[in-house]
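Have a look at start.pdb below; it lists PDB, C-alpha atoms.
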ATOM      1  CA  LEU A   1     -15.192   7.274  75.966  1.00  0.00           C
ATOM      2  CA  LYS A   2     -17.044   3.988  75.829  1.00  0.00           C
ATOM      3  CA  PRO A   3     -18.793   2.808  79.016  1.00  0.00           C
ATOM      4  CA  ASN A   4     -15.757   0.587  79.716  1.00  0.00           C
ATOM      5  CA  GLY A   5     -13.469   3.637  79.487  1.00  0.00           C
ATOM      6  CA  GLU A   6     -11.846   2.777  76.147  1.00  0.00           C
ATOM      7  CA  LYS A   7     -11.578   5.281  73.316  1.00  0.00           C
ATOM      8  CA  ASP A   8     -13.550   4.525  70.174  1.00  0.00           C
ATOM      9  CA  PHE A   9     -11.343   5.498  67.213  1.00  0.00           C
ATOM     10  CA  LEU A  10     -13.276   6.359  64.063  1.00  0.00           C
ATOM     11  CA  ALA A  11     -10.280   6.986  61.796  1.00  0.00           C
ATOM     12  CA  LYS A  12      -6.512   7.065  62.217  1.00  0.00           C
ATOM     13  CA  ASP A  13      -5.330   6.390  58.670  1.00  0.00           C
ATOM     14  CA  TYR A  14      -6.503   5.862  55.101  1.00  0.00           C
ATOM     15  CA  GLU A  15      -5.288   2.837  53.141  1.00  0.00           C
ATOM     16  CA  GLY A  16      -2.388   2.439  55.548  1.00  0.00           C
ATOM     17  CA  CYS A  17      -1.241   6.079  55.387  1.00  0.00           C
ATOM     18  CA  PRO A  18      -1.557   8.011  58.666  1.00  0.00           C
ATOM     19  CA  LEU A  19      -3.682  11.143  58.690  1.00  0.00           C
ATOM     20  CA  LYS A  20      -1.815  14.467  58.520  1.00  0.00           C
ATOM     21  CA  GLY A  21      -3.897  15.935  61.329  1.00  0.00           C
ATOM     22  CA  PRO A  22      -7.666  16.600  61.201  1.00  0.00           C
ATOM     23  CA  THR A  23      -8.583  20.280  61.408  1.00  0.00           C
ATOM     24  CA  SER A  24     -12.394  20.227  61.575  1.00  0.00           C
ATOM     25  CA  MET A  25     -15.420  17.938  61.336  1.00  0.00           C
ATOM     26  CA  ALA A  26     -19.147  17.991  60.645  1.00  0.00           C
ATOM     27  CA  ILE A  27     -21.744  15.330  61.426  1.00  0.00           C
ATOM     28  CA  ASN A  28     -24.555  14.121  59.186  1.00  0.00           C
ATOM     29  CA  GLU A  29     -26.876  12.632  61.807  1.00  0.00           C
ATOM     30  CA  SER A  30     -29.492  11.365  59.370  1.00  0.00           C
ATOM     31  CA  GLU A  31     -26.902   9.296  57.460  1.00  0.00           C
ATOM     32  CA  GLN A  32     -24.841   8.478  60.565  1.00  0.00           C
ATOM     33  CA  CYS A  33     -21.512   9.637  59.196  1.00  0.00           C
ATOM     34  CA  VAL A  34     -18.807  12.185  59.947  1.00  0.00           C
ATOM     35  CA  PHE A  35     -17.060  14.449  57.432  1.00  0.00           C
ATOM     36  CA  PHE A  36     -13.648  15.757  58.411  1.00  0.00           C
ATOM     37  CA  CYS A  37     -10.809  17.834  56.973  1.00  0.00           C
ATOM     38  CA  ASP A  38      -7.270  16.474  57.127  1.00  0.00           C
ATOM     39  CA  GLY A  39      -4.946  19.418  56.637  1.00  0.00           C
ATOM     40  CA  GLY A  40      -2.232  19.019  59.254  1.00  0.00           C
ATOM     41  CA  TYR A  41      -0.877  22.010  61.132  1.00  0.00           C
ATOM     42  CA  PHE A  42      -1.421  25.498  59.707  1.00  0.00           C
ATOM     43  CA  GLU A  43       0.595  26.027  56.486  1.00  0.00           C
ATOM     44  CA  SER A  44       1.734  22.383  56.315  1.00  0.00           C
ATOM     45  CA  THR A  45      -0.534  21.933  53.307  1.00  0.00           C
ATOM     46  CA  SER A  46      -0.297  24.984  51.052  1.00  0.00           C
ATOM     47  CA  LEU A  47      -0.186  26.146  47.425  1.00  0.00           C
ATOM     48  CA  SER A  48       3.238  24.520  47.040  1.00  0.00           C
ATOM     49  CA  ARG A  49       2.074  21.379  48.909  1.00  0.00           C
ATOM     50  CA  PRO A  50      -1.635  20.927  48.098  1.00  0.00           C
ATOM     51  CA  ASN A  51      -2.029  17.530  49.736  1.00  0.00           C
ATOM     52  CA  GLY A  52      -4.860  18.130  52.204  1.00  0.00           C
ATOM     53  CA  SER A  53      -7.966  15.936  52.102  1.00  0.00           C
ATOM     54  CA  VAL A  54     -11.617  15.650  53.080  1.00  0.00           C
ATOM     55  CA  TYR A  55     -12.906  12.281  54.247  1.00  0.00           C
ATOM     56  CA  LEU A  56     -16.159  10.645  55.246  1.00  0.00           C
ATOM     57  CA  VAL A  57     -16.281   7.969  57.941  1.00  0.00           C
ATOM     58  CA  THR A  58     -19.424   6.019  58.818  1.00  0.00           C
ATOM     59  CA  LEU A  59     -20.541   5.590  62.414  1.00  0.00           C
ATOM     60  CA  GLY A  60     -21.640   1.960  62.040  1.00  0.00           C
ATOM     61  CA  SER A  61     -19.826  -1.039  63.436  1.00  0.00           C
ATOM     62  CA  GLU A  62     -17.488  -1.267  60.405  1.00  0.00           C
ATOM     63  CA  LYS A  63     -16.485   2.424  60.455  1.00  0.00           C
ATOM     64  CA  MET A  64     -15.771   2.683  56.735  1.00  0.00           C
ATOM     65  CA  ILE A  65     -13.674   5.661  55.579  1.00  0.00           C
ATOM     66  CA  GLN A  66     -13.795   7.086  52.066  1.00  0.00           C
ATOM     67  CA  PRO A  67     -12.190  10.163  50.479  1.00  0.00           C
ATOM     68  CA  ILE A  68     -14.300  13.010  49.108  1.00  0.00           C
ATOM     69  CA  LEU A  69     -11.264  15.079  48.092  1.00  0.00           C
ATOM     70  CA  SER A  70      -7.936  13.267  48.370  1.00  0.00           C
ATOM     71  CA  ASN A  71      -4.467  14.873  48.651  1.00  0.00           C
ATOM     72  CA  CYS A  72      -5.347  17.895  46.529  1.00  0.00           C
ATOM     73  CA  LEU A  73      -6.231  20.751  48.885  1.00  0.00           C
ATOM     74  CA  ALA A  74      -4.163  23.738  50.010  1.00  0.00           C
ATOM     75  CA  TYR A  75      -5.061  23.520  53.712  1.00  0.00           C
ATOM     76  CA  PRO A  76      -8.717  22.522  54.271  1.00  0.00           C
ATOM     77  CA  ALA A  77      -9.285  24.495  57.467  1.00  0.00           C
ATOM     78  CA  ASP A  78     -12.967  24.038  58.251  1.00  0.00           C
ATOM     79  CA  ILE A  79     -16.044  22.129  57.104  1.00  0.00           C
ATOM     80  CA  TYR A  80     -19.783  22.656  57.477  1.00  0.00           C
ATOM     81  CA  TYR A  81     -22.627  20.318  56.495  1.00  0.00           C
ATOM     82  CA  ASP A  82     -26.199  21.552  55.963  1.00  0.00           C
ATOM     83  CA  GLU A  83     -28.481  18.587  56.664  1.00  0.00           C
ATOM     84  CA  ASN A  84     -31.558  20.436  55.396  1.00  0.00           C
ATOM     85  CA  LEU A  85     -30.035  20.985  51.946  1.00  0.00           C
ATOM     86  CA  CYS A  86     -27.724  17.909  52.070  1.00  0.00           C
ATOM     87  CA  ILE A  87     -24.804  20.100  50.998  1.00  0.00           C
ATOM     88  CA  GLY A  88     -21.338  20.383  52.520  1.00  0.00           C
ATOM     89  CA  TYR A  89     -18.910  23.308  52.374  1.00  0.00           C
ATOM     90  CA  VAL A  90     -15.139  23.307  52.867  1.00  0.00           C
ATOM     91  CA  ALA A  91     -12.953  26.350  53.556  1.00  0.00           C
ATOM     92  CA  GLU A  92      -9.724  25.876  51.559  1.00  0.00           C
ATOM     93  CA  THR A  93      -7.461  28.532  53.005  1.00  0.00           C
ATOM     94  CA  PHE A  94      -4.523  28.974  50.636  1.00  0.00           C
ATOM     95  CA  ASN A  95      -6.580  28.681  47.446  1.00  0.00           C
ATOM     96  CA  ASN A  96      -8.781  31.422  48.955  1.00  0.00           C
ATOM     97  CA  ARG A  97     -12.052  29.658  48.166  1.00  0.00           C
ATOM     98  CA  ILE A  98     -15.040  27.706  49.425  1.00  0.00           C
ATOM     99  CA  LEU A  99     -15.697  24.275  47.933  1.00  0.00           C
ATOM    100  CA  ARG A 100     -19.092  22.581  47.852  1.00  0.00           C
ATOM    101  CA  PHE A 101     -19.805  18.861  47.904  1.00  0.00           C
ATOM    102  CA  ILE A 102     -23.083  17.022  47.366  1.00  0.00           C
ATOM    103  CA  GLU A 103     -23.992  13.349  47.035  1.00  0.00           C
ATOM    104  CA  SER A 104     -24.054  12.408  43.360  1.00  0.00           C
ATOM    105  CA  GLY A 105     -27.361  10.540  43.522  1.00  0.00           C
ATOM    106  CA  ASP A 106     -26.082   7.182  42.266  1.00  0.00           C
ATOM    107  CA  SER A 107     -26.068   4.039  44.384  1.00  0.00           C
ATOM    108  CA  ASN A 108     -22.310   4.193  45.065  1.00  0.00           C
ATOM    109  CA  GLY A 109     -22.453   6.938  47.690  1.00  0.00           C
ATOM    110  CA  ARG A 110     -20.060   9.152  45.752  1.00  0.00           C
ATOM    111  CA  TYR A 111     -19.882  12.932  46.125  1.00  0.00           C
ATOM    112  CA  GLN A 112     -19.530  15.612  43.480  1.00  0.00           C
ATOM    113  CA  THR A 113     -17.458  18.678  44.361  1.00  0.00           C
ATOM    114  CA  SER A 114     -17.312  22.161  42.851  1.00  0.00           C
ATOM    115  CA  VAL A 115     -16.024  25.649  43.620  1.00  0.00           C
ATOM    116  CA  PHE A 116     -18.777  27.494  45.484  1.00  0.00           C
ATOM    117  CA  TYR A 117     -17.075  30.881  45.935  1.00  0.00           C
ATOM    118  CA  THR A 118     -13.610  32.379  45.300  1.00  0.00           C
ATOM    119  CA  PHE A 119     -12.301  35.386  47.241  1.00  0.00           C
ATOM    120  CA  GLN A 120      -9.802  38.084  46.321  1.00  0.00           C
ATOM    121  CA  GLY A 121      -7.249  39.416  48.765  1.00  0.00           C
ATOM    122  CA  ARG A 122      -6.290  38.256  52.258  1.00  0.00           C
ATOM    123  CA  ILE A 123      -4.824  34.837  53.000  1.00  0.00           C
ATOM    124  CA  GLY A 124      -8.025  32.856  52.772  1.00  0.00           C
ATOM    125  CA  PRO A 125     -11.017  31.399  54.621  1.00  0.00           C
ATOM    126  CA  THR A 126     -10.329  29.627  57.908  1.00  0.00           C
ATOM    127  CA  ALA A 127     -13.790  29.159  59.444  1.00  0.00           C
ATOM    128  CA  ILE A 128     -17.288  28.587  58.100  1.00  0.00           C
ATOM    129  CA  THR A 129     -20.805  28.219  59.493  1.00  0.00           C
ATOM    130  CA  SER A 130     -24.404  28.852  58.427  1.00  0.00           C
ATOM    131  CA  ASP A 131     -27.665  30.279  59.737  1.00  0.00           C
ATOM    132  CA  ASP A 132     -31.064  28.605  59.379  1.00  0.00           C
ATOM    133  CA  LEU A 133     -31.786  30.596  56.209  1.00  0.00           C
ATOM    134  CA  GLY A 134     -28.897  28.896  54.410  1.00  0.00           C
ATOM    135  CA  ASN A 135     -26.575  31.925  54.460  1.00  0.00           C
ATOM    136  CA  ILE A 136     -22.901  30.908  54.712  1.00  0.00           C
ATOM    137  CA  TYR A 137     -20.629  32.893  57.065  1.00  0.00           C
ATOM    138  CA  VAL A 138     -16.926  32.775  56.202  1.00  0.00           C
ATOM    139  CA  ALA A 139     -14.007  34.163  58.223  1.00  0.00           C
ATOM    140  CA  ARG A 140     -11.375  35.629  55.882  1.00  0.00           C
ATOM    141  CA  TYR A 141      -8.085  35.207  57.705  1.00  0.00           C
ATOM    142  CA  GLU A 142      -5.282  37.762  57.571  1.00  0.00           C
ATOM    143  CA  TYR A 143      -2.126  38.107  59.684  1.00  0.00           C
ATOM    144  CA  GLN A 144      -2.186  40.988  62.137  1.00  0.00           C
ATOM    145  CA  ASN A 145       0.497  43.641  61.617  1.00  0.00           C
ATOM    146  CA  LYS A 146       2.808  45.172  64.231  1.00  0.00           C
ATOM    147  CA  GLU A 147       0.479  48.118  64.737  1.00  0.00           C
ATOM    148  CA  GLY A 148      -2.430  45.770  65.476  1.00  0.00           C
ATOM    149  CA  ASP A 149      -4.851  47.778  63.356  1.00  0.00           C
ATOM    150  CA  ILE A 150      -6.034  45.209  60.765  1.00  0.00           C
ATOM    151  CA  ASP A 151      -9.721  44.360  61.139  1.00  0.00           C
ATOM    152  CA  GLY A 152     -11.342  40.959  60.832  1.00  0.00           C
ATOM    153  CA  ILE A 153     -13.783  40.256  58.002  1.00  0.00           C
ATOM    154  CA  ILE A 154     -16.639  37.738  57.990  1.00  0.00           C
ATOM    155  CA  ASP A 155     -18.343  37.509  54.608  1.00  0.00           C
ATOM    156  CA  VAL A 156     -21.931  36.300  54.210  1.00  0.00           C
ATOM    157  CA  ILE A 157     -22.788  34.354  51.047  1.00  0.00           C
ATOM    158  CA  ASN A 158     -26.281  33.105  50.278  1.00  0.00           C
ATOM    159  CA  LYS A 159     -27.036  29.540  49.175  1.00  0.00           C
ATOM    160  CA  ASP A 160     -26.874  30.649  45.516  1.00  0.00           C
ATOM    161  CA  GLY A 161     -23.242  31.732  45.907  1.00  0.00           C
ATOM    162  CA  ILE A 162     -23.917  35.499  46.000  1.00  0.00           C
ATOM    163  CA  LEU A 163     -22.108  37.759  48.464  1.00  0.00           C
ATOM    164  CA  VAL A 164     -24.898  39.512  50.398  1.00  0.00           C
ATOM    165  CA  GLY A 165     -23.178  41.019  53.436  1.00  0.00           C
ATOM    166  CA  GLU A 166     -20.015  41.576  55.423  1.00  0.00           C
ATOM    167  CA  LEU A 167     -19.290  41.807  59.133  1.00  0.00           C
ATOM    168  CA  ILE A 168     -16.259  43.808  60.317  1.00  0.00           C
ATOM    169  CA  VAL A 169     -14.588  42.762  63.572  1.00  0.00           C
ATOM    170  CA  PRO A 170     -12.272  45.606  64.678  1.00  0.00           C
ATOM    171  CA  LYS A 171      -8.607  44.633  65.029  1.00  0.00           C
ATOM    172  CA  MET A 172      -9.260  40.868  65.012  1.00  0.00           C
ATOM    173  CA  PRO A 173      -8.244  39.497  61.586  1.00  0.00           C
ATOM    174  CA  GLU A 174      -7.010  36.047  62.646  1.00  0.00           C
ATOM    175  CA  ILE A 175     -10.424  34.416  63.155  1.00  0.00           C
ATOM    176  CA  THR A 176     -10.188  30.644  63.603  1.00  0.00           C
ATOM    177  CA  GLY A 177     -13.716  29.498  64.470  1.00  0.00           C
ATOM    178  CA  LEU A 178     -17.363  30.449  63.854  1.00  0.00           C
ATOM    179  CA  TYR A 179     -20.641  29.121  65.271  1.00  0.00           C
ATOM    180  CA  ILE A 180     -24.310  30.136  65.072  1.00  0.00           C
ATOM    181  CA  PRO A 181     -26.730  28.330  67.420  1.00  0.00           C
ATOM    182  CA  LYS A 182     -29.865  26.873  65.857  1.00  0.00           C
ATOM    183  CA  VAL A 183     -32.983  28.772  66.939  1.00  0.00           C
ATOM    184  CA  ASP A 184     -36.444  29.596  65.644  1.00  0.00           C
ATOM    185  CA  PHE A 185     -35.737  32.617  63.436  1.00  0.00           C
ATOM    186  CA  LYS A 186     -39.320  33.868  63.450  1.00  0.00           C
ATOM    187  CA  GLU A 187     -39.514  33.945  67.238  1.00  0.00           C
ATOM    188  CA  ASN A 188     -35.931  34.632  68.314  1.00  0.00           C
ATOM    189  CA  ARG A 189     -34.241  36.582  65.526  1.00  0.00           C
ATOM    190  CA  SER A 190     -33.601  39.519  67.876  1.00  0.00           C
ATOM    191  CA  LYS A 191     -31.551  37.166  70.084  1.00  0.00           C
ATOM    192  CA  MET A 192     -29.393  35.708  67.295  1.00  0.00           C
ATOM    193  CA  PHE A 193     -25.642  35.632  67.942  1.00  0.00           C
ATOM    194  CA  LEU A 194     -22.567  34.674  65.944  1.00  0.00           C
ATOM    195  CA  TYR A 195     -19.835  33.232  68.173  1.00  0.00           C
ATOM    196  CA  PHE A 196     -16.191  33.359  67.090  1.00  0.00           C
ATOM    197  CA  THR A 197     -12.640  32.674  68.232  1.00  0.00           C
ATOM    198  CA  GLU A 198      -9.637  34.759  67.225  1.00  0.00           C
ATOM    199  CA  LYS A 199      -5.995  33.730  67.512  1.00  0.00           C
ATOM    200  CA  ASN A 200      -4.760  36.823  69.382  1.00  0.00           C
ATOM    201  CA  PHE A 201      -7.738  37.048  71.744  1.00  0.00           C
ATOM    202  CA  SER A 202      -7.733  34.789  74.801  1.00  0.00           C
ATOM    203  CA  GLY A 203     -11.392  33.810  74.809  1.00  0.00           C
ATOM    204  CA  VAL A 204     -14.609  33.523  72.843  1.00  0.00           C
ATOM    205  CA  GLN A 205     -16.634  36.494  71.635  1.00  0.00           C
ATOM    206  CA  ARG A 206     -20.040  36.938  70.059  1.00  0.00           C
ATOM    207  CA  ILE A 207     -21.778  39.382  67.752  1.00  0.00           C
ATOM    208  CA  LYS A 208     -25.517  40.061  67.793  1.00  0.00           C
ATOM    209  CA  ILE A 209     -26.668  39.487  64.210  1.00  0.00           C
ATOM    210  CA  GLY A 210     -30.491  39.650  64.305  1.00  0.00           C
ATOM    211  CA  ASN A 211     -30.686  43.098  62.708  1.00  0.00           C
ATOM    212  CA  PHE A 212     -27.936  42.137  60.283  1.00  0.00           C
ATOM    213  CA  ILE A 213     -29.982  39.145  59.098  1.00  0.00           C
ATOM    214  CA  ASN A 214     -33.026  41.383  58.686  1.00  0.00           C
ATOM    215  CA  GLU A 215     -30.962  43.649  56.433  1.00  0.00           C
ATOM    216  CA  ILE A 216     -29.840  40.623  54.399  1.00  0.00           C
ATOM    217  CA  ASP A 217     -33.501  39.701  53.934  1.00  0.00           C
ATOM    218  CA  ARG A 218     -34.222  43.177  52.574  1.00  0.00           C
ATOM    219  CA  ILE A 219     -31.291  42.893  50.156  1.00  0.00           C
ATOM    220  CA  MET A 220     -32.515  39.503  48.982  1.00  0.00           C
ATOM    221  CA  ASP A 221     -36.058  40.817  48.418  1.00  0.00           C
ATOM    222  CA  LYS A 222     -34.655  43.525  46.142  1.00  0.00           C
ATOM    223  CA  MET A 223     -32.491  41.037  44.255  1.00  0.00           C
ATOM    224  CA  TYR A 224     -35.330  38.626  43.582  1.00  0.00           C
TER     225      TYR A 224
END

Could you take the file, read its structure, and then write that structure out as C-alpha cells?
Amino acid sequence: LKPNGEKDFLAKDYEGCPLKGPTSMAINESEQCVFFCDGGYFESTSLSRPNGSVYLVTLGSEKMIQPILSNCLAYPADIYYDENLCIGYVAETFNNRILRFIESGDSNGRYQTSVFYTFQGRIGPTAITSDDLGNIYVARYEYQNKEGDIDGIIDVINKDGILVGELIVPKMPEITGLYIPKVDFKENRSKMFLYFTEKNFSGVQRIKIGNFINEIDRIMDKMY
C-alpha cells in the first residue's frame, strides 16, 4: 500500500486486453523492473491453448509494460531472474521445458529467448530457483496417484544447461514453489536449505542441501 492507503497497480492489462492471471514474478532491482508470468489458473493455458505470456513492467512513474513472450506459452508457471548473470528463466509446464531470456544488447531494450532445457516424462516444471553458484533447481510436477506413492523430483541444472543432480522428495510430486535463501557459500554452506511447497502438504518444508552442493562441485570438477 502507498502511505495514503491506496494500492499501486503496476499492471492490469496489456494493450487493452486484461491479464489472464499472473502466476509468478521476479524483480530486477538494478534495472528497476518486474518480470512476471501470465498463465491464468492451472491448465487454462496448455498445449491445446498455448496463450500464456511473460511481461516486463518498469517501476518508474510511467510503469511501462512490454511483452517478452506474448500469447505463445503452454502455462508459464514460474520465473526466476539471476541479476549476477542478467539471465531470466521461465518454467513452461505443459511443454515440459525451461526457457531462457536475456537482453539483446541493442538500445531498444528487447530480449532474446531460447530453450534452456527440455525434460522427458512427467507433466512439466512448475517451480524454479537458483543457488549462488548459478545452479538452477526445477520442480518436475506430477499428479499423485490414489496410493500416494509417487515421489517428487527436483532436478539441478548448471548454468551451461547440463543436468548435474537430482533431489527426491518422498511421496510429494506436486511441488508448486521453491526458494533458496542467499548466503555466503564459503562460510555457511553447511547451513544451506532449499524451501518448497507441495500441493497436498499443508505447510512449507525444507531440505538441507549443503552436502548436496558439495557433491555437485565434485561432479563439475570431473566434467571440466

CA of Ala139 (chain A) to CA of Pro18 (chain A) measures 29.0 Å

Pick out the residues sitting within 10 Å of region 86-96 of chain A, and hand them over as a PyMOL selection string; count all atoms listed in the file, and ignore anything fewer than 6 positions along from it in its own chain. chain A and resi 24+26+28+30+35-37+39+42-43+45-48+50+52+54+73-80+102-103+111+113-130+136+138-141+159

Those same residues - C-alpha atoms - I'd like them written as a compact mmCIF listing (two decimals), in the frame of the given file.
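Contents of the output file selection-v2.txt:
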# COMPACT_ATOMS: atom_id res chain seq x y z
CA SER A 24 -12.39 20.23 61.58
CA ALA A 26 -19.15 17.99 60.64
CA ASN A 28 -24.56 14.12 59.19
CA SER A 30 -29.49 11.36 59.37
CA PHE A 35 -17.06 14.45 57.43
CA PHE A 36 -13.65 15.76 58.41
CA CYS A 37 -10.81 17.83 56.97
CA GLY A 39 -4.95 19.42 56.64
CA PHE A 42 -1.42 25.50 59.71
CA GLU A 43 0.60 26.03 56.49
CA THR A 45 -0.53 21.93 53.31
CA SER A 46 -0.30 24.98 51.05
CA LEU A 47 -0.19 26.15 47.42
CA SER A 48 3.24 24.52 47.04
CA PRO A 50 -1.64 20.93 48.10
CA GLY A 52 -4.86 18.13 52.20
CA VAL A 54 -11.62 15.65 53.08
CA LEU A 73 -6.23 20.75 48.88
CA ALA A 74 -4.16 23.74 50.01
CA TYR A 75 -5.06 23.52 53.71
CA PRO A 76 -8.72 22.52 54.27
CA ALA A 77 -9.28 24.50 57.47
CA ASP A 78 -12.97 24.04 58.25
CA ILE A 79 -16.04 22.13 57.10
CA TYR A 80 -19.78 22.66 57.48
CA ILE A 102 -23.08 17.02 47.37
CA GLU A 103 -23.99 13.35 47.04
CA TYR A 111 -19.88 12.93 46.12
CA THR A 113 -17.46 18.68 44.36
CA SER A 114 -17.31 22.16 42.85
CA VAL A 115 -16.02 25.65 43.62
CA PHE A 116 -18.78 27.49 45.48
CA TYR A 117 -17.08 30.88 45.94
CA THR A 118 -13.61 32.38 45.30
CA PHE A 119 -12.30 35.39 47.24
CA GLN A 120 -9.80 38.08 46.32
CA GLY A 121 -7.25 39.42 48.76
CA ARG A 122 -6.29 38.26 52.26
CA ILE A 123 -4.82 34.84 53.00
CA GLY A 124 -8.02 32.86 52.77
CA PRO A 125 -11.02 31.40 54.62
CA THR A 126 -10.33 29.63 57.91
CA ALA A 127 -13.79 29.16 59.44
CA ILE A 128 -17.29 28.59 58.10
CA THR A 129 -20.80 28.22 59.49
CA SER A 130 -24.40 28.85 58.43
CA ILE A 136 -22.90 30.91 54.71
CA VAL A 138 -16.93 32.78 56.20
CA ALA A 139 -14.01 34.16 58.22
CA ARG A 140 -11.38 35.63 55.88
CA TYR A 141 -8.09 35.21 57.70
CA LYS A 159 -27.04 29.54 49.18

In Å, with one decimal, what is the gap from CA of Glu166 (chain A) to CA of Tyr41 (chain A)?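 That distance, rounded to one decimal, is 28.0 Å.
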
Applying the PyMOL selection byres ((chain A and resi 142-146) around 9) to the file I just gave you, which residues come out? Please list them as a list in words. Arg122, Ile123, Gly124, Arg140, Tyr141, Glu147, Gly148, Asp149, Ile150, Asp151, Gly152, Ile153, Lys171, Met172, Pro173, Glu174, Ile175 and Asn200 of chain A

Which is closest to Glu29 (chain A) among A:Tyr55, A:Tyr14, A:Tyr179, A:Tyr81, if we use all atoms listed in the file?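 Using all atoms listed in the file, the shortest distance to Glu29 (chain A) belongs to A:Tyr81.
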
Computed interatomic separation between CA of Gly165 (chain A) and CA of Lys182 (chain A) (Å):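 Between CA of Gly165 (chain A) and CA of Lys182 (chain A) the gap works out to 20.0 Å.
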
For a quick check of understanding, using all atoms listed in the file, which of A:Arg110, A:Lys20, A:Arg97, A:Arg189 has the smallest distance to Leu133 (chain A)? A:Arg189

Expected selection from the PyMOL selection byres ((chain A and resi 213) around 12), given as an MDAnalysis selection string: chainID A and resid 130:137 156:158 164:167 185:186 188:194 207:212 214:220

The PyMOL selection byres ((chain A and resi 65) around 8) resolved against shown file, as a list in words: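 Output of the PyMOL selection byres ((chain A and resi 65) around 8): Ala11, Tyr14, Tyr55, Leu56, Val57, Thr58, Lys63, Met64, Gln66 and Pro67 of chain A.
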
Taking all atoms listed in the file into account, name the residue in A:Asp155, A:Gly60, A:Asn71, A:Gly161 that is nearest to Cys17 (chain A). A:Asn71

Would you be able to write out as JSON, numbers by chain which residues have an atom within 6 Å of (-14.3, 33.9, 67.0) in the file's coordinates, counting all atoms listed in the file? {"A": [175, 177, 178, 195, 196, 197, 198, 204, 205]}

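The shortest atom-to-atom distance to Val34 (chain A), with all atoms listed in the file taken into account, belongs to A:Leu59 out of A:Ser70, A:Leu59, A:Lys199, A:Ile168.
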
Could you check which of A:Gly40, A:Ile154, A:Cys33, A:Glu62 is closest to Gly21 (chain A), using only C-alpha atoms? A:Gly40

Let me have the centre and edge lengths in Å, one decimal, of the box along x, y and z around every listed atom of region 193-203 of chain A with 6 Å of margin on each side, as JSON.
{"center_x": -15.2, "center_y": 34.9, "center_z": 70.4, "size_x": 32.9, "size_y": 16.4, "size_z": 20.9}
